[in-house]
Every structure is written in structure tokens, then in C-alpha cells.
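K.L.:
Just so it is clear, I am handing over upload.cif, which has mmCIF, C-alpha atoms.
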data_data
#
loop_
_atom_site.label_atom_id
_atom_site.label_comp_id
_atom_site.auth_asym_id
_atom_site.auth_seq_id
_atom_site.Cartn_x
_atom_site.Cartn_y
_atom_site.Cartn_z
CA MET A 214 -3.70 -4.51 -0.42
CA ALA A 215 -6.70 -5.20 -2.18
CA PRO A 216 -6.76 -4.64 -5.87
CA ARG A 217 -10.16 -5.29 -7.39
CA THR A 218 -11.02 -5.27 -11.04
CA ARG A 219 -14.01 -3.02 -10.49
CA VAL A 220 -12.93 0.55 -11.17
CA ARG A 221 -14.85 3.64 -12.01
CA SER A 222 -13.70 5.15 -15.27
CA THR A 223 -13.43 8.84 -15.95
CA SER A 224 -15.02 10.04 -19.18
CA PRO A 225 -13.09 12.21 -21.68
CA ALA A 226 -15.55 15.02 -21.02
CA SER A 227 -14.89 14.82 -17.29
CA LEU A 228 -11.15 14.86 -17.88
CA LEU A 229 -11.45 17.95 -20.06
CA ALA A 230 -13.50 19.70 -17.41
CA LEU A 231 -11.02 18.79 -14.71
CA SER A 232 -8.14 19.96 -16.88
CA THR A 233 -9.83 23.31 -17.42
CA ALA A 234 -10.44 23.65 -13.70
CA VAL A 235 -6.74 23.61 -12.97
CA GLY A 236 -5.66 25.89 -15.76
CA LEU A 237 -4.74 28.66 -13.33
CA ALA A 238 -2.75 26.23 -11.20
CA LEU A 239 -0.79 25.13 -14.22
CA ALA A 240 -0.03 28.72 -15.14
CA LEU A 241 1.54 29.21 -11.73
CA VAL A 242 3.74 26.12 -11.78
CA THR A 243 4.68 25.77 -15.45
CA GLY A 244 7.30 27.90 -17.21
CA CYS A 245 6.76 29.45 -20.61
CA GLY A 246 8.46 28.62 -23.88
CA ASP A 247 11.64 26.78 -22.85
CA GLY A 248 10.06 23.76 -21.19
CA SER A 249 11.34 24.56 -17.70
CA SER A 250 9.14 25.47 -14.75
CA THR A 251 9.18 28.69 -12.73
CA ASP A 252 10.68 26.87 -9.71
CA GLY A 253 13.57 25.40 -11.70
CA THR A 254 12.19 21.89 -11.94
CA LYS A 255 13.84 19.93 -14.73
CA PRO A 256 11.78 18.37 -17.53
CA GLY A 257 10.95 14.68 -17.19
CA GLY A 258 10.10 14.79 -13.49
CA ALA A 259 13.58 15.17 -12.04
CA ALA A 260 13.95 17.61 -9.18
CA PRO A 261 16.41 20.47 -9.67
CA GLU A 262 19.89 20.28 -8.18
CA GLY A 263 19.86 20.77 -4.41
CA LYS A 264 16.05 20.71 -4.21
CA ALA A 265 14.10 17.98 -2.43
CA PRO A 266 11.65 16.35 -4.84
CA VAL A 267 7.95 17.11 -4.57
CA VAL A 268 6.15 13.76 -4.60
CA VAL A 269 2.43 13.29 -5.16
CA VAL A 270 1.03 9.86 -4.33
CA THR A 271 -2.38 8.35 -4.87
CA THR A 272 -2.72 6.80 -1.38
CA THR A 273 -1.00 6.66 1.99
CA TRP A 274 0.51 3.32 1.01
CA GLU A 275 2.57 4.83 -1.83
CA GLY A 276 3.14 7.80 0.46
CA ALA A 277 4.75 5.62 3.10
CA PHE A 278 7.07 4.09 0.51
CA ALA A 279 8.02 7.58 -0.69
CA LYS A 280 8.66 8.84 2.85
CA ALA A 281 10.73 5.76 3.66
CA ALA A 282 12.80 6.44 0.54
CA GLY A 283 13.62 9.93 1.76
CA ALA A 284 10.96 12.18 0.21
CA GLN A 285 10.21 15.08 2.55
CA GLU A 286 7.34 16.73 0.69
CA VAL A 287 4.65 14.13 0.00
CA LYS A 288 1.08 14.99 -1.00
CA VAL A 289 -1.61 12.29 -0.84
CA ILE A 290 -4.54 12.41 -3.27
CA VAL A 291 -6.94 9.76 -2.00
CA PRO A 292 -8.13 10.41 1.58
CA GLN A 293 -7.53 7.59 4.04
CA SER A 294 -11.29 7.51 4.69
CA VAL A 295 -11.81 6.06 1.18
CA HIS A 296 -11.92 2.34 1.86
CA HIS A 297 -11.24 1.19 -1.70
CA ALA A 298 -8.85 3.58 -3.42
CA PRO A 299 -9.59 2.61 -7.07
CA ASP A 300 -13.16 3.86 -6.57
CA TYR A 301 -12.00 7.41 -5.90
CA ASP A 302 -13.11 10.16 -8.28
CA PRO A 303 -10.32 12.75 -8.76
CA LYS A 304 -11.16 16.39 -8.05
CA PRO A 305 -9.73 19.57 -9.64
CA SER A 306 -7.68 20.19 -6.49
CA ASP A 307 -6.03 16.80 -7.02
CA LEU A 308 -4.93 17.89 -10.47
CA ALA A 309 -3.53 21.11 -9.07
CA ALA A 310 -1.35 19.07 -6.70
CA VAL A 311 -0.11 16.89 -9.55
CA ALA A 312 0.74 19.95 -11.62
CA GLY A 313 3.46 20.97 -9.17
CA ALA A 314 4.98 17.53 -8.64
CA ASP A 315 8.34 16.12 -9.66
CA PHE A 316 7.07 12.54 -9.23
CA VAL A 317 3.64 10.93 -9.15
CA LEU A 318 3.49 7.50 -7.51
CA TYR A 319 0.66 5.10 -8.24
CA ALA A 320 -0.21 1.39 -8.20
CA PRO A 321 -1.22 -0.58 -11.31
CA PHE A 322 -4.72 -1.19 -9.91
CA GLU A 323 -5.26 2.59 -9.80
CA PRO A 324 -5.77 3.33 -13.51
CA TYR A 325 -6.96 6.87 -12.88
CA ALA A 326 -3.42 7.91 -11.90
CA ALA A 327 -2.27 8.20 -15.52
CA LYS A 328 -5.45 10.11 -16.39
CA ILE A 329 -4.82 12.52 -13.53
CA LYS A 330 -1.36 13.30 -14.83
CA GLU A 331 -2.56 13.63 -18.42
CA ALA A 332 -5.46 15.89 -17.51
CA ALA A 333 -3.26 18.12 -15.38
CA GLY A 334 -0.64 18.46 -18.07
CA SER A 335 2.04 17.75 -15.50
CA LYS A 336 5.63 17.01 -16.51
CA ALA A 337 6.05 14.91 -13.39
CA LYS A 338 7.58 11.48 -13.77
CA LEU A 339 4.88 8.85 -13.35
CA VAL A 340 6.22 5.97 -11.23
CA GLU A 341 4.45 2.64 -10.76
CA VAL A 342 4.97 1.23 -7.27
CA GLY A 343 4.64 -2.44 -6.37
CA LEU A 344 2.48 -2.29 -3.27
CA ASP A 345 3.31 -5.35 -1.19
CA ASN A 346 4.27 -5.32 2.48
CA ASP A 347 6.49 -8.36 2.10
CA ALA A 348 9.71 -7.27 3.82
CA ASP A 349 12.05 -8.06 0.94
CA LYS A 350 9.81 -6.33 -1.61
CA VAL A 351 9.41 -3.25 0.58
CA LYS A 352 13.17 -2.83 0.93
CA ALA A 353 13.69 -3.29 -2.80
CA GLU A 354 11.08 -0.64 -3.65
CA VAL A 355 12.38 1.84 -1.07
CA THR A 356 15.90 1.42 -2.41
CA ARG A 357 14.68 1.92 -5.99
CA LEU A 358 12.72 5.05 -5.08
CA GLY A 359 15.65 6.46 -3.12
CA ALA A 360 17.83 6.15 -6.22
CA LEU A 361 15.11 7.81 -8.29
CA PHE A 362 14.69 10.69 -5.84
CA GLY A 363 18.41 11.11 -5.23
CA THR A 364 17.89 10.29 -1.53
CA GLN A 365 19.85 7.03 -1.35
CA ALA A 366 21.36 7.76 2.07
CA ALA A 367 17.94 8.34 3.66
CA ALA A 368 16.55 5.20 2.03
CA ALA A 369 19.48 3.13 3.31
CA LYS A 370 19.05 4.50 6.83
CA TRP A 371 15.33 3.66 6.83
CA THR A 372 16.00 0.16 5.48
CA ALA A 373 18.40 -0.53 8.35
CA GLU A 374 15.83 0.69 10.88
CA PHE A 375 13.17 -1.40 9.18
CA ASP A 376 15.28 -4.55 9.42
CA THR A 377 15.72 -4.00 13.15
CA GLU A 378 12.04 -3.33 13.86
CA TYR A 379 10.77 -6.07 11.57
CA GLY A 380 13.05 -8.57 13.27
CA ARG A 381 11.85 -7.47 16.70
CA VAL A 382 8.15 -7.76 15.79
CA SER A 383 8.62 -11.09 14.07
CA LYS A 384 10.49 -12.54 17.05
CA ASP A 385 7.81 -11.24 19.41
CA VAL A 386 5.00 -12.84 17.40
CA GLN A 387 6.79 -16.15 17.03
CA ALA A 388 7.37 -16.27 20.77
CA ALA A 389 3.57 -16.37 21.11
CA TRP A 390 3.07 -19.51 18.98
CA PRO A 391 0.57 -21.82 20.71
CA ASP A 392 2.53 -24.66 22.36
CA GLY A 393 5.66 -23.32 20.62
CA LYS A 394 4.50 -24.58 17.23
CA SER A 395 4.08 -22.58 14.02
CA PRO A 396 0.32 -22.06 13.48
CA SER A 397 -1.28 -23.19 10.22
CA VAL A 398 -2.98 -20.35 8.37
CA VAL A 399 -5.06 -19.60 5.32
CA SER A 400 -4.14 -16.20 3.88
CA GLN A 401 -5.80 -13.79 1.52
CA VAL A 402 -3.37 -13.27 -1.37
CA PHE A 403 -2.57 -9.70 -0.33
CA THR A 404 -1.93 -10.51 3.33
CA ALA A 405 0.63 -13.27 2.75
CA TRP A 406 3.29 -10.93 4.12
CA SER A 407 1.73 -11.14 7.59
CA ALA A 408 1.96 -14.94 7.57
CA LYS A 409 5.65 -14.57 6.79
CA LEU A 410 6.02 -12.04 9.61
CA ALA A 411 4.48 -14.55 12.03
CA GLY A 412 6.54 -17.47 10.76
CA ALA A 413 3.22 -19.22 10.18
CA THR A 414 2.70 -22.29 8.01
CA THR A 415 0.50 -21.28 5.06
CA VAL A 416 -1.74 -24.19 4.07
CA GLY A 417 -3.83 -22.29 1.52
CA THR A 418 -4.65 -18.91 -0.01
CA TYR A 419 -7.78 -17.27 -1.41
CA GLY A 420 -8.92 -14.14 -3.20
CA PRO A 421 -9.04 -11.53 -4.37
CA GLU A 422 -12.42 -12.94 -5.45
CA ALA A 423 -14.86 -14.30 -2.88
CA VAL A 424 -14.33 -17.88 -1.77
CA THR A 425 -16.34 -20.38 -3.83
CA PRO A 426 -18.11 -23.39 -2.25
CA GLY A 427 -15.40 -25.64 -3.69
CA GLN A 428 -12.62 -23.51 -2.19
CA LEU A 429 -14.49 -23.36 1.12
CA ALA A 430 -14.52 -27.13 1.37
CA GLU A 431 -10.90 -27.43 0.30
CA LEU A 432 -9.57 -24.76 2.65
CA SER A 433 -11.65 -25.93 5.61
CA ALA A 434 -10.27 -29.44 5.15
CA LYS A 435 -6.79 -28.04 5.80
CA LYS A 436 -7.94 -27.24 9.36
CA PRO A 437 -6.14 -23.90 9.68
CA ALA A 438 -5.89 -22.25 13.08
CA LEU A 439 -6.10 -18.75 11.59
CA VAL A 440 -7.49 -16.99 8.53
CA LEU A 441 -5.55 -13.82 7.63
CA ASP A 442 -8.17 -11.66 5.96
CA ASN A 443 -7.66 -8.41 4.07
CA ALA A 444 -9.35 -5.58 5.99
CA HIS A 445 -9.63 -3.48 2.82
CA MET A 446 -11.72 -5.96 0.87
CA SER A 447 -13.18 -8.35 3.41
CA THR A 448 -16.16 -10.45 2.32
CA GLY A 449 -17.09 -11.41 5.87
CA THR A 450 -16.28 -14.68 7.57
CA VAL A 451 -14.17 -16.63 5.12
CA LEU A 452 -14.36 -20.13 6.60
CA PRO A 453 -17.50 -20.29 8.74
CA ASP A 454 -17.89 -23.33 10.99
CA SER A 455 -14.24 -24.31 10.41
CA GLY A 456 -13.09 -23.32 13.87
CA ALA A 457 -10.43 -21.02 12.41
CA ARG A 458 -10.04 -17.62 14.04
CA GLN A 459 -10.15 -14.77 11.49
CA VAL A 460 -7.63 -11.93 11.77
CA GLN A 461 -8.11 -8.60 9.99
CA ILE A 462 -4.82 -7.44 8.46
CA VAL A 463 -4.50 -3.77 7.51
CA ASN A 464 -2.17 -2.91 4.63
CA TYR A 465 -2.46 0.89 4.49
CA PRO A 466 -0.41 3.15 6.77
CA GLY A 467 -2.01 6.11 8.53
CA ASN A 468 -1.87 9.77 7.61
CA ASP A 469 1.58 10.00 9.19
CA LEU A 470 2.83 7.85 6.26
CA ASP A 471 4.77 5.62 8.65
CA LEU A 472 4.98 2.04 7.41
CA LEU A 473 6.37 0.49 10.61
CA PRO A 474 3.09 0.64 12.59
CA VAL A 475 1.50 -1.58 9.91
CA TYR A 476 3.84 -4.38 11.05
CA ARG A 477 3.44 -3.62 14.74
CA ASN A 478 -0.34 -3.61 14.47
CA ALA A 479 -0.39 -6.83 12.45
CA GLY A 480 1.90 -8.42 15.01
CA ALA A 481 -0.39 -7.38 17.87
CA GLU A 482 -3.47 -8.78 16.11
CA LEU A 483 -1.70 -12.05 15.34
CA LYS A 484 -0.50 -12.45 18.94
CA LYS A 485 -4.01 -11.78 20.22
CA ALA A 486 -5.53 -14.34 17.83
CA MET A 487 -2.92 -16.98 18.61
CA GLY A 488 -3.44 -16.50 22.33
CA LYS A 489 -7.17 -17.08 21.94
CA ALA A 490 -6.63 -19.99 19.59
CA GLY A 491 -4.24 -21.58 22.04
CA GLY A 492 -6.66 -21.01 24.90
CA SER A 493 -9.60 -22.54 23.05
CA ALA A 494 -7.47 -25.49 22.06
CA GLY A 495 -6.58 -26.12 25.67
#
Kindly return the structure encoded in the file as C-alpha cells.
P.N.:
Amino acid sequence: MAPRTRVRSTSPASLLALSTAVGLALALVTGCGDGSSTDGTKPGGAAPEGKAPVVVVTTTWEGAFAKAAGAQEVKVIVPQSVHHAPDYDPKPSDLAAVAGADFVLYAPFEPYAAKIKEAAGSKAKLVEVGLDNDADKVKAEVTRLGALFGTQAAAAKWTAEFDTEYGRVSKDVQAAWPDGKSPSVVSQVFTAWSAKLAGATTVGTYGPEAVTPGQLAELSAKKPALVLDNAHMSTGTVLPDSGARQVQIVNYPGNDLDLLPVYRNAGAELKKAMGKAGGSAG
């Protein structure tokens, strides 16, 4: 995904107002005196024995990781329609959702997540998630979250299914290599996983900042067949007049919180681009 350094900050006054707005919600979900909640949730964010954890996530990306790890009740704060998640301004209803959570998942480029938890007064465990669709990193994070949630069996089952589907998509894309040769690509730093999926030869990377004139000349000289751009923070055509075909790679899952379509969709876009590149070359 597309972490940018530009982030809207939330003032202390705004946080106080938001905290006040969810006071009633907190009264409903927080126990009195002994530090336990009315639904039996344990302090420190752990779900009670025999109870599936309630997980609140900042975006659908964290939500997909949580669902893959076995979480059954996942609430997403930032709507999918928000193109750049760190720009989102939390609402009182968001704080109410956090107040009833066992875990709150966020990414390090979403600094408002900690403020949301603090303002809501939630005892949920705040968990930083490494958002990267690289296959090995995804499996490691899902396994870690499964252990945290107490849903290891579900996480292991998903990981096995992921391996099968990832292998199928990767094989399908590589079968479409022009002339049977691995295509050379330039990748945005947060779409490198898609180059790996395609078995492509990465000759250069760029971002998250816009490409400078010096980088433009350097990357164009590599003569890549494809540019794997980040759909969530695209700056337009990356290497104009280079002859490279630009592919938009989407990192975020949909509202169904299913991570597998991200790989299927990337594979379809890569196959389409390679087919056109091969045709133009011929």
C-alpha cells in the first residue's frame, strides 16, 4: 500500500470532544470498579474464554489479515471509498466501535489509530500490522495474529488455502510471459509483491515520492516492459515515452475482507498487460 508522510492530525480539543461523544457507549461496554467489562472481556485486550474476539481494524487491508487469521467479528473504521486511509478523520461512531473491541489493528502509517483508542478509553489491545502483500510476509502475519486471537487452527487452514491459490495464480501469470521470457519491470516500492507473483525481473523501483527527472532517466534507460504502479497513490504515467506499459496494482481487499481476490485481480491485470506488450513487440 501506499503510506505517505502527509497525515492530518487530530487536535487535543477534537479528541476530547470525540471522547465525550462516546461516553454513553463506554458506559455500556465497560464494567465498573473491578476492571472487567460487562461482557466478560479480560483486561489487556484478550477475549474471554470460549468467546471469539471482537476485532476493530482501521481499513479493509488489516481486516482481511484479521479474517484470514480466524477473526469472525471484524469491524472496519475507514470506509473503502476513502482512497488514502491516513487522511481519514475519525468520527464518534468509530470510537464507539473501538470501545467494545478486544483488539484494534492498525498500520504504522495510520497514526490516528492510537489516538482513537486513547480517546475512546478502550482496553483493547492495540496491534500494529505489517501491511505487505508479499506472500511470505502475509503468511507470517496471519500466523502471528492467529496465535494472538487464539484461532491458530483457522489461521493454519487459511494459510494452506492461500499457498494453493497463490501458486495457481503465479503459475497462470508466468505461463503468459511474452515469448516465454520473464518480463523486466519497474515497480513502485509497495507493489513489489506483484512482481514476485509474476516471476518478473525487477530492474528498478521508485516511490513512495514522485519520480524525479534523474530517476526518470535512470529507470527509462533500463527499458522495462512494464511499470507496476500503486493504484492507491498513483502520480500518473511514471515513465512517459519509455514504451513501458503501466499496470495499476490494487493492494486493498474489498468489503468482503477477502485477500485472495487481490492476487487474482493483480494476476489478471499482469496477464493482460503482458499480452499487449508481447503483441506490440511482435
K.L.:
As a PyMOL selection string, please: the residues near A:Thr448 (cut-off 9 Å, all atoms listed in the file, same-chain neighbours under 4 positions excluded).
P.N.:
chain A and resi 422-424+442-443
K.L.:
Can you give me, as number ranges by chain, the residues this file yields under the PyMOL selection byres ((chain A and resi 345) around 9)?
P.N.:
A: 214, 343-344, 346-348, 350-351, 403-404, 406, 464
K.L.:
To one decimal place, how far is atom CA of A:Glu482 from atom CA of A:Thr273 in Å?
P.N.:
21.1 Å
K.L.:
What gap, in Å, lies between atom CA of A:Asp300 and atom CA of A:Phe278?
P.N.:
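Calculated distance between atom CA of A:Asp300 and atom CA of A:Phe278 is 21.4 Å.
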K.L.:
Could you list, with a cut-off of 7 Å and counting only C-alpha atoms, the residues of stretch 246-347 of chain A near stretch 356-371 of chain A, each shown with its nearest atom pair and the distance in Å rounded to one decimal, rows sorted by chain and ascending number, as JSON lines?
P.N.:
{"residue": "A:Pro266", "atom": "CA", "partner": "A:Phe362", "partner_atom": "CA", "distance": 6.5}
{"residue": "A:Ala279", "atom": "CA", "partner": "A:Leu358", "partner_atom": "CA", "distance": 6.9}
{"residue": "A:Ala281", "atom": "CA", "partner": "A:Trp371", "partner_atom": "CA", "distance": 6.0}
{"residue": "A:Ala282", "atom": "CA", "partner": "A:Ala368", "partner_atom": "CA", "distance": 4.2}
{"residue": "A:Gly283", "atom": "CA", "partner": "A:Ala367", "partner_atom": "CA", "distance": 5.0}
K.L.:
Take the PyMOL selection byres ((chain A and resi 319) around 8), apply it to the structure above, and return the hits as a list in words.
P.N.:
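In the shown coordinates, the PyMOL selection byres ((chain A and resi 319) around 8) covers Val270, Thr271, Thr272, Glu275, Val317, Leu318, Ala320, Pro321, Glu323, Ala326, Leu339, Val340, Glu341 and Val342 of chain A.
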K.L.:
Measure the distance from atom CA of A:Gly313 to atom CA of A:Lys352 in Å and round it to one decimal.
P.N.:
27.6 Å
K.L.:
Using only C-alpha atoms for the distances, tell me which of A:Val460, A:Ala277, A:Ala310, A:Val416 is nearest to A:Ile290.
P.N.:
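Once distances to A:Ile290 are computed over only C-alpha atoms, the minimum belongs to A:Ala310.
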K.L.:
What do you get, as number ranges by chain, if you spell out every residue that the PyMOL selection byres ((chain A and resi 413) around 8) selects here?
P.N.:
A: 395-398, 408-412, 414-415
K.L.:
Which residue out of A:Ala353, A:Val291, A:Leu441, A:Ala486 has the minimum interatomic distance to A:Tyr465 when all atoms listed in the file are used?
P.N.:
A:Val291
K.L.:
Considering all atoms listed in the file, state which residue in the set A:Leu473, A:Val386, A:Ala327, A:Val440 is at the smallest distance from A:Ala457.
P.N.:
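Among A:Leu473, A:Val386, A:Ala327, A:Val440, it is A:Val440 that comes nearest to A:Ala457.
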K.L.:
Between A:Ala312, A:Leu452, A:Leu470, A:Ala434, which residue has the minimum interatomic distance to A:Gly276, considering all atoms listed in the file?
P.N.:
A:Leu470
